[in-house]
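Pasting model37.pdb here (PDB, C-alpha atoms):
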```
ATOM      1  CA  MET H 195      37.694  22.953  40.364
ATOM      2  CA  ALA H 196      38.169  24.650  43.700
ATOM      3  CA  THR H 197      35.488  24.303  46.341
ATOM      4  CA  THR H 198      33.441  27.486  46.408
ATOM      5  CA  VAL H 199      32.453  28.949  49.760
ATOM      6  CA  GLY H 200      29.838  31.703  49.833
ATOM      7  CA  VAL H 201      30.390  34.326  52.527
ATOM      8  CA  VAL H 202      27.194  36.187  53.442
ATOM      9  CA  VAL H 203      27.548  39.960  53.745
ATOM     10  CA  PHE H 204      24.934  42.002  55.636
ATOM     11  CA  PRO H 205      25.147  45.730  56.228
ATOM     12  CA  GLY H 206      27.440  45.809  59.263
ATOM     13  CA  THR H 207      29.273  42.539  58.590
ATOM     14  CA  ASN H 208      33.007  43.081  59.091
ATOM     15  CA  CYS H 209      34.739  39.692  58.948
ATOM     16  CA  GLU H 210      33.902  38.741  55.360
ATOM     17  CA  MET H 211      37.383  39.377  53.954
ATOM     18  CA  ASP H 212      39.028  37.382  56.738
ATOM     19  CA  ALA H 213      36.753  34.464  55.867
ATOM     20  CA  VAL H 214      37.398  34.736  52.122
ATOM     21  CA  VAL H 215      41.183  34.963  52.607
ATOM     22  CA  ALA H 216      41.188  31.971  54.987
ATOM     23  CA  VAL H 217      39.192  29.890  52.494
ATOM     24  CA  GLU H 218      41.471  30.874  49.601
ATOM     25  CA  ARG H 219      44.693  30.199  51.526
ATOM     26  CA  LEU H 220      43.372  26.682  52.118
ATOM     27  CA  GLY H 221      42.731  26.154  48.419
ATOM     28  CA  GLY H 222      39.061  27.093  48.212
ATOM     29  CA  ASP H 223      37.358  29.836  46.282
ATOM     30  CA  GLY H 224      35.652  32.485  48.433
ATOM     31  CA  ARG H 225      32.713  34.415  47.088
ATOM     32  CA  MET H 226      30.734  37.198  48.768
ATOM     33  CA  LEU H 227      26.943  36.804  48.866
ATOM     34  CA  TRP H 228      24.932  40.018  49.375
ATOM     35  CA  HIS H 229      22.197  39.655  51.984
ATOM     36  CA  ALA H 230      19.480  41.194  49.792
ATOM     37  CA  ASP H 231      19.896  38.536  47.083
ATOM     38  CA  ASP H 232      18.008  35.302  47.524
ATOM     39  CA  TYR H 233      20.203  32.835  45.684
ATOM     40  CA  LEU H 234      23.514  31.201  46.553
ATOM     41  CA  GLY H 235      24.809  30.983  42.987
ATOM     42  CA  GLY H 236      25.867  27.358  43.220
ATOM     43  CA  VAL H 237      28.332  27.606  46.117
ATOM     44  CA  ASP H 238      29.403  24.394  47.851
ATOM     45  CA  ALA H 239      29.356  25.758  51.410
ATOM     46  CA  VAL H 240      28.290  28.898  53.242
ATOM     47  CA  ILE H 241      29.952  30.955  55.959
ATOM     48  CA  VAL H 242      27.877  33.513  57.856
ATOM     49  CA  PRO H 243      30.726  35.671  59.166
ATOM     50  CA  GLY H 244      31.159  37.966  62.134
ATOM     51  CA  GLY H 245      30.324  41.612  62.548
ATOM     52  CA  PHE H 246      27.232  43.554  63.480
ATOM     53  CA  ALA H 247      24.621  42.560  60.902
ATOM     54  CA  HIS H 248      22.014  45.303  60.588
ATOM     55  CA  GLY H 249      23.742  47.076  63.468
ATOM     56  CA  ASP H 250      22.709  44.323  65.892
ATOM     57  CA  TYR H 251      19.585  46.421  66.477
ATOM     58  CA  LEU H 252      16.926  44.815  68.648
ATOM     59  CA  ARG H 253      19.183  41.771  69.268
ATOM     60  CA  PRO H 254      22.214  40.393  67.431
ATOM     61  CA  GLY H 255      20.886  38.486  64.423
ATOM     62  CA  ALA H 256      17.249  39.443  65.009
ATOM     63  CA  ILE H 257      16.887  41.471  61.819
ATOM     64  CA  ALA H 258      19.464  39.604  59.741
ATOM     65  CA  ARG H 259      17.313  36.501  59.751
ATOM     66  CA  PHE H 260      14.740  38.351  57.619
ATOM     67  CA  SER H 261      17.274  39.104  54.867
ATOM     68  CA  PRO H 262      16.334  37.265  51.636
ATOM     69  CA  MET H 263      19.723  35.520  51.609
ATOM     70  CA  MET H 264      18.852  33.746  54.853
ATOM     71  CA  GLY H 265      15.921  32.044  53.136
ATOM     72  CA  ALA H 266      18.350  30.677  50.554
ATOM     73  CA  VAL H 267      20.766  29.628  53.311
ATOM     74  CA  ALA H 268      17.959  27.843  55.192
ATOM     75  CA  ARG H 269      16.967  25.913  52.050
ATOM     76  CA  PHE H 270      20.621  25.011  51.392
ATOM     77  CA  ALA H 271      20.972  23.797  54.994
ATOM     78  CA  ALA H 272      17.744  21.786  54.756
ATOM     79  CA  ASP H 273      19.205  20.016  51.724
ATOM     80  CA  GLY H 274      22.272  19.080  53.778
ATOM     81  CA  GLY H 275      24.560  21.873  52.574
ATOM     82  CA  PRO H 276      27.390  22.800  54.949
ATOM     83  CA  VAL H 277      26.799  26.118  56.758
ATOM     84  CA  VAL H 278      29.024  27.655  59.415
ATOM     85  CA  GLY H 279      28.121  30.737  61.439
ATOM     86  CA  ILE H 280      31.028  32.485  63.124
ATOM     87  CA  CYS H 281      30.450  34.905  66.020
ATOM     88  CA  ASN H 282      27.682  37.234  64.791
ATOM     89  CA  GLY H 283      26.978  34.527  62.204
ATOM     90  CA  PHE H 284      26.306  32.082  65.066
ATOM     91  CA  GLN H 285      23.896  34.617  66.568
ATOM     92  CA  VAL H 286      22.166  34.947  63.176
ATOM     93  CA  LEU H 287      21.802  31.151  62.850
ATOM     94  CA  THR H 288      20.240  30.830  66.325
ATOM     95  CA  GLU H 289      17.825  33.687  65.603
ATOM     96  CA  ALA H 290      16.955  32.050  62.284
ATOM     97  CA  GLY H 291      16.149  28.805  64.085
ATOM     98  CA  LEU H 292      18.866  26.843  62.256
ATOM     99  CA  LEU H 293      20.612  26.193  65.566
ATOM    100  CA  PRO H 294      19.148  25.881  69.088
ATOM    101  CA  GLY H 295      19.783  28.206  72.005
ATOM    102  CA  ALA H 296      20.773  31.850  72.158
ATOM    103  CA  LEU H 297      23.776  34.019  72.914
ATOM    104  CA  GLN H 298      23.428  36.345  75.891
ATOM    105  CA  LYS H 299      25.774  39.001  77.257
ATOM    106  CA  ASN H 300      29.066  37.761  78.626
ATOM    107  CA  THR H 301      29.176  37.147  82.336
ATOM    108  CA  GLY H 302      31.080  40.095  83.761
ATOM    109  CA  LEU H 303      29.625  42.470  81.167
ATOM    110  CA  ARG H 304      32.916  42.731  79.309
ATOM    111  CA  PHE H 305      33.596  42.777  75.600
ATOM    112  CA  LEU H 306      36.185  40.032  75.189
ATOM    113  CA  CYS H 307      38.900  40.156  72.510
ATOM    114  CA  GLN H 308      41.552  37.563  73.268
ATOM    115  CA  PRO H 309      43.011  34.204  72.254
ATOM    116  CA  THR H 310      41.137  31.265  73.765
ATOM    117  CA  MET H 311      41.862  27.569  73.958
ATOM    118  CA  LEU H 312      39.152  25.329  72.541
ATOM    119  CA  ARG H 313      38.781  21.591  72.921
ATOM    120  CA  VAL H 314      37.233  19.606  70.094
ATOM    121  CA  ALA H 315      34.196  17.805  71.542
ATOM    122  CA  THR H 316      33.163  15.882  68.421
ATOM    123  CA  SER H 317      34.672  15.287  65.030
ATOM    124  CA  ALA H 318      31.255  14.475  63.589
ATOM    125  CA  SER H 319      30.457  17.913  62.165
ATOM    126  CA  VAL H 320      31.241  19.836  59.016
ATOM    127  CA  LEU H 321      33.651  22.024  60.986
ATOM    128  CA  THR H 322      35.605  19.402  62.898
ATOM    129  CA  SER H 323      35.911  16.356  60.643
ATOM    130  CA  ARG H 324      39.689  16.897  60.307
ATOM    131  CA  ALA H 325      40.172  17.222  64.074
ATOM    132  CA  SER H 326      40.357  14.520  66.738
ATOM    133  CA  VAL H 327      38.196  14.693  69.850
ATOM    134  CA  GLY H 328      40.191  16.260  72.680
ATOM    135  CA  THR H 329      42.475  18.268  70.390
ATOM    136  CA  GLU H 330      43.124  21.741  71.777
ATOM    137  CA  LEU H 331      43.094  24.698  69.406
ATOM    138  CA  SER H 332      44.072  28.317  70.008
ATOM    139  CA  VAL H 333      41.450  30.490  68.331
ATOM    140  CA  PRO H 334      40.573  34.109  69.209
ATOM    141  CA  ILE H 335      37.224  35.392  70.427
ATOM    142  CA  ASN H 336      35.891  38.902  69.859
ATOM    143  CA  HIS H 337      32.411  39.377  71.299
ATOM    144  CA  PHE H 338      30.127  40.925  73.895
ATOM    145  CA  GLU H 339      27.205  38.550  73.501
ATOM    146  CA  GLY H 340      28.846  35.142  73.332
ATOM    147  CA  ASN H 341      27.482  33.532  76.468
ATOM    148  CA  TYR H 342      25.679  30.482  75.051
ATOM    149  CA  THR H 343      22.471  29.535  76.803
ATOM    150  CA  CYS H 344      19.590  27.137  76.245
ATOM    151  CA  ASP H 345      16.982  25.410  78.368
ATOM    152  CA  SER H 346      17.933  22.249  80.236
ATOM    153  CA  GLU H 347      16.024  19.949  77.834
ATOM    154  CA  THR H 348      17.911  21.407  74.867
ATOM    155  CA  LEU H 349      21.221  21.050  76.686
ATOM    156  CA  ALA H 350      20.475  17.409  77.505
ATOM    157  CA  GLN H 351      19.549  16.813  73.871
ATOM    158  CA  LEU H 352      22.756  18.478  72.612
ATOM    159  CA  ARG H 353      24.807  16.264  74.929
ATOM    160  CA  ASP H 354      22.909  13.060  74.129
ATOM    161  CA  GLU H 355      23.168  13.666  70.387
ATOM    162  CA  ASP H 356      26.868  14.629  70.516
ATOM    163  CA  ARG H 357      26.067  18.049  69.082
ATOM    164  CA  ILE H 358      28.406  20.131  71.230
ATOM    165  CA  VAL H 359      31.202  20.683  68.730
ATOM    166  CA  LEU H 360      33.718  22.804  70.641
ATOM    167  CA  ARG H 361      34.165  23.699  74.313
ATOM    168  CA  TYR H 362      36.281  26.387  75.958
ATOM    169  CA  VAL H 363      39.143  24.974  78.014
ATOM    170  CA  ASP H 364      38.858  28.016  80.324
ATOM    171  CA  ASN H 365      35.327  29.405  79.939
ATOM    172  CA  PRO H 366      35.722  33.150  79.232
ATOM    173  CA  ASN H 367      32.084  34.260  78.927
ATOM    174  CA  GLY H 368      29.854  32.118  81.133
ATOM    175  CA  SER H 369      28.539  29.828  78.392
ATOM    176  CA  VAL H 370      26.581  26.867  79.735
ATOM    177  CA  ASP H 371      28.656  23.660  79.790
ATOM    178  CA  ASP H 372      31.633  25.665  78.397
ATOM    179  CA  ILE H 373      29.995  25.562  74.961
ATOM    180  CA  ALA H 374      31.877  27.420  72.219
ATOM    181  CA  GLY H 375      30.088  25.814  69.276
ATOM    182  CA  VAL H 376      27.154  23.518  68.490
ATOM    183  CA  CYS H 377      25.789  21.801  65.414
ATOM    184  CA  SER H 378      22.382  21.027  63.968
ATOM    185  CA  GLU H 379      20.660  17.663  64.089
ATOM    186  CA  GLY H 380      21.956  16.984  60.569
ATOM    187  CA  ARG H 381      25.478  18.021  61.715
ATOM    188  CA  ASN H 382      25.825  20.209  58.589
ATOM    189  CA  VAL H 383      25.079  23.527  60.313
ATOM    190  CA  VAL H 384      27.621  24.659  62.900
ATOM    191  CA  GLY H 385      27.763  27.850  64.908
ATOM    192  CA  LEU H 386      30.679  28.996  67.050
ATOM    193  CA  MET H 387      31.679  32.214  68.766
ATOM    194  CA  PRO H 388      35.481  31.954  68.227
ATOM    195  CA  HIS H 389      36.979  33.089  64.912
ATOM    196  CA  PRO H 390      38.848  30.246  63.150
ATOM    197  CA  GLU H 391      39.272  32.446  60.055
ATOM    198  CA  ARG H 392      41.487  34.735  62.137
ATOM    199  CA  ALA H 393      43.731  31.842  63.129
ATOM    200  CA  CYS H 394      44.776  30.397  59.775
ATOM    201  CA  ASP H 395      48.332  31.741  59.663
ATOM    202  CA  GLU H 396      51.157  31.737  62.225
ATOM    203  CA  LEU H 397      51.581  35.443  61.484
ATOM    204  CA  LEU H 398      48.259  35.971  63.270
ATOM    205  CA  GLY H 399      49.470  34.133  66.359
ATOM    206  CA  SER H 400      47.883  30.781  65.564
ATOM    207  CA  ALA H 401      47.163  28.607  62.566
ATOM    208  CA  ASP H 402      44.929  26.259  64.563
ATOM    209  CA  GLY H 403      41.791  27.523  62.823
ATOM    210  CA  ALA H 404      42.964  25.991  59.552
ATOM    211  CA  VAL H 405      41.880  22.510  60.653
ATOM    212  CA  LEU H 406      38.346  23.878  61.112
ATOM    213  CA  ILE H 407      38.091  25.844  57.861
ATOM    214  CA  GLY H 408      39.793  22.899  56.130
ATOM    215  CA  SER H 409      37.110  20.561  57.473
ATOM    216  CA  LEU H 410      34.456  22.838  56.001
ATOM    217  CA  LEU H 411      36.168  22.640  52.608
ATOM    218  CA  ASP H 412      36.177  18.832  52.892
ATOM    219  CA  ALA H 413      32.453  18.848  53.673
ATOM    220  CA  ALA H 414      31.586  21.002  50.675
TER
ATOM    221  CA  MET D 202      -8.685  52.323  64.419
ATOM    222  CA  GLU D 203      -5.203  52.906  65.696
ATOM    223  CA  PHE D 204      -3.903  51.539  68.944
ATOM    224  CA  ASP D 205      -0.799  52.424  70.934
ATOM    225  CA  VAL D 206       1.229  49.387  71.915
ATOM    226  CA  LEU D 207       3.825  49.247  74.637
ATOM    227  CA  VAL D 208       5.958  46.105  74.820
ATOM    228  CA  ASP D 209       7.998  45.573  77.983
ATOM    229  CA  VAL D 210      10.818  43.124  77.231
ATOM    230  CA  ARG D 211      12.706  41.533  80.124
ATOM    231  CA  LEU D 212      15.172  38.710  80.541
ATOM    232  CA  ARG D 213      13.661  35.420  81.642
ATOM    233  CA  GLY D 214      14.308  34.097  85.120
ATOM    234  CA  GLY D 215      17.631  32.311  85.279
ATOM    235  CA  ILE D 216      19.137  34.289  82.415
ATOM    236  CA  ALA D 217      22.126  36.301  83.567
ATOM    237  CA  ASP D 218      21.443  40.028  83.708
ATOM    238  CA  PRO D 219      24.924  41.524  84.050
ATOM    239  CA  ALA D 220      23.626  45.057  83.442
ATOM    240  CA  GLY D 221      21.075  44.779  86.240
ATOM    241  CA  ALA D 222      23.625  43.186  88.572
ATOM    242  CA  THR D 223      26.168  45.928  87.844
ATOM    243  CA  ILE D 224      23.643  48.679  88.588
ATOM    244  CA  GLU D 225      22.585  46.942  91.799
ATOM    245  CA  ARG D 226      26.183  46.636  92.957
ATOM    246  CA  ALA D 227      26.775  50.346  92.320
ATOM    247  CA  LEU D 228      23.785  51.560  94.349
ATOM    248  CA  PRO D 229      25.207  51.278  97.904
ATOM    249  CA  ALA D 230      28.176  53.443  96.899
ATOM    250  CA  LEU D 231      25.690  56.118  95.862
ATOM    251  CA  GLY D 232      23.911  55.923  99.186
ATOM    252  CA  TYR D 233      20.958  53.825  98.028
ATOM    253  CA  ASP D 234      20.830  50.931 100.443
ATOM    254  CA  GLY D 235      18.122  48.301 100.520
ATOM    255  CA  VAL D 236      17.546  48.198  96.763
ATOM    256  CA  SER D 237      17.397  44.698  95.281
ATOM    257  CA  GLY D 238      16.029  42.852  92.311
ATOM    258  CA  VAL D 239      17.356  45.342  89.733
ATOM    259  CA  THR D 240      16.766  44.118  86.183
ATOM    260  CA  VAL D 241      17.419  45.851  82.882
ATOM    261  CA  GLY D 242      15.122  45.269  79.934
ATOM    262  CA  LYS D 243      13.847  47.313  77.055
ATOM    263  CA  THR D 244      10.652  48.960  75.926
ATOM    264  CA  VAL D 245       9.311  48.952  72.387
ATOM    265  CA  ARG D 246       6.434  51.308  71.479
ATOM    266  CA  PHE D 247       4.491  51.425  68.232
ATOM    267  CA  THR D 248       1.089  52.167  66.763
ATOM    268  CA  ILE D 249      -0.911  49.421  65.088
ATOM    269  CA  GLU D 250      -4.047  49.496  62.953
ATOM    270  CA  ALA D 251      -6.831  47.069  63.803
ATOM    271  CA  THR D 252     -10.625  46.849  63.852
ATOM    272  CA  GLY D 253     -10.754  46.594  67.631
ATOM    273  CA  ILE D 254      -8.683  46.140  70.735
ATOM    274  CA  ALA D 255      -8.873  42.341  70.612
ATOM    275  CA  GLU D 256      -7.424  42.233  67.093
ATOM    276  CA  ALA D 257      -4.816  44.863  67.969
ATOM    277  CA  THR D 258      -3.736  42.850  70.990
ATOM    278  CA  ALA D 259      -3.582  39.602  69.039
ATOM    279  CA  ARG D 260      -1.489  41.176  66.261
ATOM    280  CA  ALA D 261       0.832  42.917  68.708
ATOM    281  CA  GLU D 262       1.348  39.722  70.694
ATOM    282  CA  ASP D 263       2.077  37.787  67.513
ATOM    283  CA  LEU D 264       4.564  40.418  66.336
ATOM    284  CA  CYS D 265       6.165  40.387  69.756
ATOM    285  CA  ALA D 266       6.511  36.607  69.934
ATOM    286  CA  SER D 267       7.822  36.214  66.379
ATOM    287  CA  PHE D 268      10.242  39.122  66.275
ATOM    288  CA  LEU D 269      10.574  41.472  69.239
ATOM    289  CA  ILE D 270      11.671  38.845  71.732
ATOM    290  CA  ASN D 271      13.884  35.803  71.621
ATOM    291  CA  PRO D 272      11.866  33.308  73.689
ATOM    292  CA  VAL D 273      15.014  31.436  74.707
ATOM    293  CA  ILE D 274      16.159  34.355  76.835
ATOM    294  CA  GLU D 275      13.343  36.922  76.994
ATOM    295  CA  ASP D 276       9.740  37.403  78.122
ATOM    296  CA  ALA D 277       7.482  40.340  77.373
ATOM    297  CA  SER D 278       4.210  41.890  78.405
ATOM    298  CA  VAL D 279       2.131  43.731  75.823
ATOM    299  CA  ALA D 280      -0.138  46.659  76.729
ATOM    300  CA  VAL D 281      -2.578  48.015  74.129
ATOM    301  CA  LEU D 282      -4.573  51.271  74.361
ATOM    302  CA  PRO D 283      -6.660  53.167  71.801
ATOM    303  CA  ALA D 284      -4.347  55.747  70.190
ATOM    304  CA  ASP D 285      -6.951  58.463  69.837
ATOM    305  CA  PRO D 286      -9.656  58.040  72.446
ATOM    306  CA  VAL D 287     -12.957  59.703  71.602
ATOM    307  CA  GLY D 288     -13.680  62.842  73.602
TER
END
```
Would you write out, as structure tokens, the structure that this file holds?
Amino acid sequence: MATTVGVVVFPGTNCEMDAVVAVERLGGDGRMLWHADDYLGGVDAVIVPGGFAHGDYLRPGAIARFSPMMGAVARFAADGGPVVGICNGFQVLTEAGLLPGALQKNTGLRFLCQPTMLRVATSASVLTSRASVGTELSVPINHFEGNYTCDSETLAQLRDEDRIVLRYVDNPNGSVDDIAGVCSEGRNVVGLMPHPERACDELLGSADGAVLIGSLLDAA
Amino acid sequence: MEFDVLVDVRLRGGIADPAGATIERALPALGYDGVSGVTVGKTVRFTIEATGIAEATARAEDLCASFLINPVIEDASVAVLPADPVG
């Protein structure tokens, strides 16, 4: 039976189909999960995709974390279930307290929509188990608030515990320590600003995201 | 009783404020020299029911800390006033 990946849909989410198609092209089964429901329906992994959940009102992710589905996602994560937040999904996971830190406005006050080069910083996460440390991947970004920040104690902890998952080769947004993605203490929750689901086919300019989505399918 | 609450949200020290920096950079071109320390935040206003100002303040501060701000990047001050003063 194919691995089933639940893709959370909030009002304002806009990357859910990209995520479902990427999962299905890699042999998984993608299933949408409506934010107002509070059960995952037996999925093996969860993607919180990009977009503007609840219009990004107040702050990106600030209202989304109160959606009933996020309670179910938090319980799934606490049980060790693999959860990946992409772009707005990363913002939602930080607001929900499933990942440390926060995403602030890009340095330079520009919305950035461009390919970026990422370097795999650890293969010990549900998103990077198929990748070797140091591997460079071309994956696009598409965000205004993607500048990762955290206090110095948190940063030291992330470094000491090998929880920085991906770094930008050429930092586009001002993120501290070039951080593009981090993982939870249990390594089963990962958040990243770049969009691997948009880089799973050469037709899109890069298929480098497939190693990341593929890792998630392995973890499920 | 009802109380008016005004929450002033601002970015914490050390957090980049590109909006404030952009405004500050634009000011000399408009003829406003000698202006510094420009920061951009946001204001949230609401009315809250409580038995007294102490309870209103405590509830507003709790609401602020748990929802209105992200403590990683933001600070806030909370001002509470009776909504309908007698007289």
Q) Counting all atoms listed in the file, which residues of chain D come no farther than 7 Å from chain H, as a PyMOL selection string? A) chain D and resi 219-220+273
Prev. selection, C-alpha atoms, output as a PDB file, in the coordinates of the input:
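The resulting result-v8.pdb:
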```pdb
ATOM      1  CA  PRO D 219      24.924  41.524  84.050  1.00  0.00           C
ATOM      2  CA  ALA D 220      23.626  45.057  83.442  1.00  0.00           C
ATOM      3  CA  VAL D 273      15.014  31.436  74.707  1.00  0.00           C
TER       4      VAL D 273
END
```
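Evaluated against this file, the PyMOL selection byres ((chain H and resi 378) around 8) yields Leu292, Leu293, Pro294, Arg357, Val376, Cys377, Glu379, Gly380, Arg381, Asn382, Val383 and Val384 of chain H.
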Could you turn the residues from that selection into a file that holds C-alpha atoms, as an mmCIF file, keeping the file's coordinate frame?
```cif
data_model
loop_
_atom_site.group_PDB
_atom_site.id
_atom_site.type_symbol
_atom_site.label_atom_id
_atom_site.label_comp_id
_atom_site.auth_asym_id
_atom_site.auth_seq_id
_atom_site.Cartn_x
_atom_site.Cartn_y
_atom_site.Cartn_z
ATOM 1 C CA LEU H 292 18.866 26.843 62.256
ATOM 2 C CA LEU H 293 20.612 26.193 65.566
ATOM 3 C CA PRO H 294 19.148 25.881 69.088
ATOM 4 C CA ARG H 357 26.067 18.049 69.082
ATOM 5 C CA VAL H 376 27.154 23.518 68.490
ATOM 6 C CA CYS H 377 25.789 21.801 65.414
ATOM 7 C CA GLU H 379 20.660 17.663 64.089
ATOM 8 C CA GLY H 380 21.956 16.984 60.569
ATOM 9 C CA ARG H 381 25.478 18.021 61.715
ATOM 10 C CA ASN H 382 25.825 20.209 58.589
ATOM 11 C CA VAL H 383 25.079 23.527 60.313
ATOM 12 C CA VAL H 384 27.621 24.659 62.900
#
```
Q. For this file, the PyMOL selection byres ((chain H and resi 314) around 12) selects which residues, as a PyMOL selection string?
A. chain H and resi 311-313+315-319+321-333+356-363+372-376+386+402-403+405-406
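Picked by the PyMOL selection byres ((chain H and resi 196-211) around 6) from the coordinates shown: Met195, Asp212, Ala213, Val214, Val215, Gly222, Asp223, Gly224, Arg225, Met226, Leu227, Trp228, His229, Val237, Asp238, Ala239, Val240, Ile241, Val242, Pro243, Gly244, Gly245, Phe246, Ala247, His248 and Gly249 of chain H.
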Within 8 Å of (16.6, 42.4, 85.3), all atoms listed in the file: residues as a PDB file with C-alpha atoms, in the coordinates of the input?
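Written output follows (part27.pdb):
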```
ATOM      1  CA  ARG D 211      12.706  41.533  80.124  1.00  0.00           C
ATOM      2  CA  LEU D 212      15.172  38.710  80.541  1.00  0.00           C
ATOM      3  CA  ASP D 218      21.443  40.028  83.708  1.00  0.00           C
ATOM      4  CA  ALA D 220      23.626  45.057  83.442  1.00  0.00           C
ATOM      5  CA  GLY D 221      21.075  44.779  86.240  1.00  0.00           C
ATOM      6  CA  ALA D 222      23.625  43.186  88.572  1.00  0.00           C
ATOM      7  CA  GLY D 238      16.029  42.852  92.311  1.00  0.00           C
ATOM      8  CA  VAL D 239      17.356  45.342  89.733  1.00  0.00           C
ATOM      9  CA  THR D 240      16.766  44.118  86.183  1.00  0.00           C
ATOM     10  CA  VAL D 241      17.419  45.851  82.882  1.00  0.00           C
ATOM     11  CA  GLY D 242      15.122  45.269  79.934  1.00  0.00           C
TER      12      GLY D 242
END
```
Q.
Between atom CA of Gly408 of chain H and atom CA of Thr348 of chain H, what is the distance in Å, rounded to a tenth?
A. 28.8 Å
Edge lengths and centre in Å, axis-aligned, segment 267-271 of chain D plus 6 Å each side, as AutoDock Vina command-line options:
```
--center_x 10.9 --center_y 38.6 --center_z 69.0 --size_x 18.1 --size_y 17.7 --size_z 17.5
```
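You can rank D:Asn271, D:Ser278, D:Thr258, D:Ser237 by their closest distance to Glu203 of chain D using only C-alpha atoms, and at the top of that list sits D:Thr258.
The protein and nucleic acid residues lying at most 10 Å from Asp234 of chain D are Glu225, Leu228 and Pro229 of chain D, with all atoms listed in the file considered and sequence neighbours fewer than 5 positions away removed.
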Would you save the residues from that selection as a short mmCIF file (atom, residue, chain, number, x, y, z; two decimals), in the coordinates of the input, using C-alpha atoms?
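Final output, saved to result07.cif:
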```
data_model
loop_
_atom_site.label_atom_id
_atom_site.label_comp_id
_atom_site.auth_asym_id
_atom_site.auth_seq_id
_atom_site.Cartn_x
_atom_site.Cartn_y
_atom_site.Cartn_z
CA GLU D 225 22.58 46.94 91.80
CA LEU D 228 23.78 51.56 94.35
CA PRO D 229 25.21 51.28 97.90
#
```
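Here atom CA of Gly255 of chain H stands at a distance of 27.3 Å from atom CA of Glu250 of chain D.
Proximity of D:Ala266, D:Ala280, D:Val210, D:Ala227 to Ile254 of chain D, computed with only C-alpha atoms, is greatest for D:Ala280.
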Q. Mind listing as a ChimeraX atom specification all residues within 12 Å of (2.1, 40.7, 76.8), counting all atoms listed in the file?
A. /D:206-211,244-245,257-266,269-270,275-281
Can those selected residues be exported to a file as a PDB file, in the frame of the given file so that it contains C-alpha atoms?
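That gives us result_36.pdb:
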```
ATOM      1  CA  VAL D 206       1.229  49.387  71.915  1.00  0.00           C
ATOM      2  CA  LEU D 207       3.825  49.247  74.637  1.00  0.00           C
ATOM      3  CA  VAL D 208       5.958  46.105  74.820  1.00  0.00           C
ATOM      4  CA  ASP D 209       7.998  45.573  77.983  1.00  0.00           C
ATOM      5  CA  VAL D 210      10.818  43.124  77.231  1.00  0.00           C
ATOM      6  CA  ARG D 211      12.706  41.533  80.124  1.00  0.00           C
ATOM      7  CA  THR D 244      10.652  48.960  75.926  1.00  0.00           C
ATOM      8  CA  VAL D 245       9.311  48.952  72.387  1.00  0.00           C
ATOM      9  CA  ALA D 257      -4.816  44.863  67.969  1.00  0.00           C
ATOM     10  CA  THR D 258      -3.736  42.850  70.990  1.00  0.00           C
ATOM     11  CA  ALA D 259      -3.582  39.602  69.039  1.00  0.00           C
ATOM     12  CA  ARG D 260      -1.489  41.176  66.261  1.00  0.00           C
ATOM     13  CA  ALA D 261       0.832  42.917  68.708  1.00  0.00           C
ATOM     14  CA  GLU D 262       1.348  39.722  70.694  1.00  0.00           C
ATOM     15  CA  ASP D 263       2.077  37.787  67.513  1.00  0.00           C
ATOM     16  CA  LEU D 264       4.564  40.418  66.336  1.00  0.00           C
ATOM     17  CA  CYS D 265       6.165  40.387  69.756  1.00  0.00           C
ATOM     18  CA  ALA D 266       6.511  36.607  69.934  1.00  0.00           C
ATOM     19  CA  LEU D 269      10.574  41.472  69.239  1.00  0.00           C
ATOM     20  CA  ILE D 270      11.671  38.845  71.732  1.00  0.00           C
ATOM     21  CA  GLU D 275      13.343  36.922  76.994  1.00  0.00           C
ATOM     22  CA  ASP D 276       9.740  37.403  78.122  1.00  0.00           C
ATOM     23  CA  ALA D 277       7.482  40.340  77.373  1.00  0.00           C
ATOM     24  CA  SER D 278       4.210  41.890  78.405  1.00  0.00           C
ATOM     25  CA  VAL D 279       2.131  43.731  75.823  1.00  0.00           C
ATOM     26  CA  ALA D 280      -0.138  46.659  76.729  1.00  0.00           C
ATOM     27  CA  VAL D 281      -2.578  48.015  74.129  1.00  0.00           C
TER      28      VAL D 281
END
```
(Q) I'd like the interatomic distance between atom CA of Glu339 of chain H and atom CA of Pro254 of chain H, to a tenth of an Å. (A) 8.1 Å
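Checking D:Tyr233, D:Ile274, D:Phe268, D:Ala251 one by one against Tyr342 of chain H, counting all atoms listed in the file, you find the shortest gap at D:Ile274.
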Q: Rank H:Ala393, H:Val370, H:Ala401, H:Met263 by their smallest atom-to-atom distance to Ala217 of chain D, using all atoms listed in the file, and report the top residue only.
A: H:Val370
Rebuild segment 235-240 of chain D so that it carries N, CA and C atoms, then output the result as a PDB file, keeping the file's coordinate frame.
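Resulting contents of selection.pdb:
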```pdb
ATOM      1  N   GLY D 235      19.406  48.993 100.476  1.00  0.00           N
ATOM      2  CA  GLY D 235      18.122  48.301 100.520  1.00  0.00           C
ATOM      3  C   GLY D 235      17.419  48.202  99.179  1.00  0.00           C
ATOM      4  N   VAL D 236      18.158  48.362  98.089  1.00  0.00           N
ATOM      5  CA  VAL D 236      17.546  48.198  96.763  1.00  0.00           C
ATOM      6  C   VAL D 236      17.991  46.842  96.221  1.00  0.00           C
ATOM      7  N   SER D 237      17.029  46.015  95.819  1.00  0.00           N
ATOM      8  CA  SER D 237      17.397  44.698  95.281  1.00  0.00           C
ATOM      9  C   SER D 237      16.505  44.369  94.088  1.00  0.00           C
ATOM     10  N   GLY D 238      16.845  43.313  93.437  1.00  0.00           N
ATOM     11  CA  GLY D 238      16.029  42.852  92.311  1.00  0.00           C
ATOM     12  C   GLY D 238      16.095  43.770  91.091  1.00  0.00           C
ATOM     13  N   VAL D 239      17.228  44.446  90.894  1.00  0.00           N
ATOM     14  CA  VAL D 239      17.356  45.342  89.733  1.00  0.00           C
ATOM     15  C   VAL D 239      17.476  44.508  88.453  1.00  0.00           C
ATOM     16  N   THR D 240      16.642  44.772  87.494  1.00  0.00           N
ATOM     17  CA  THR D 240      16.766  44.118  86.183  1.00  0.00           C
ATOM     18  C   THR D 240      16.715  45.189  85.104  1.00  0.00           C
TER      19      THR D 240
END
```
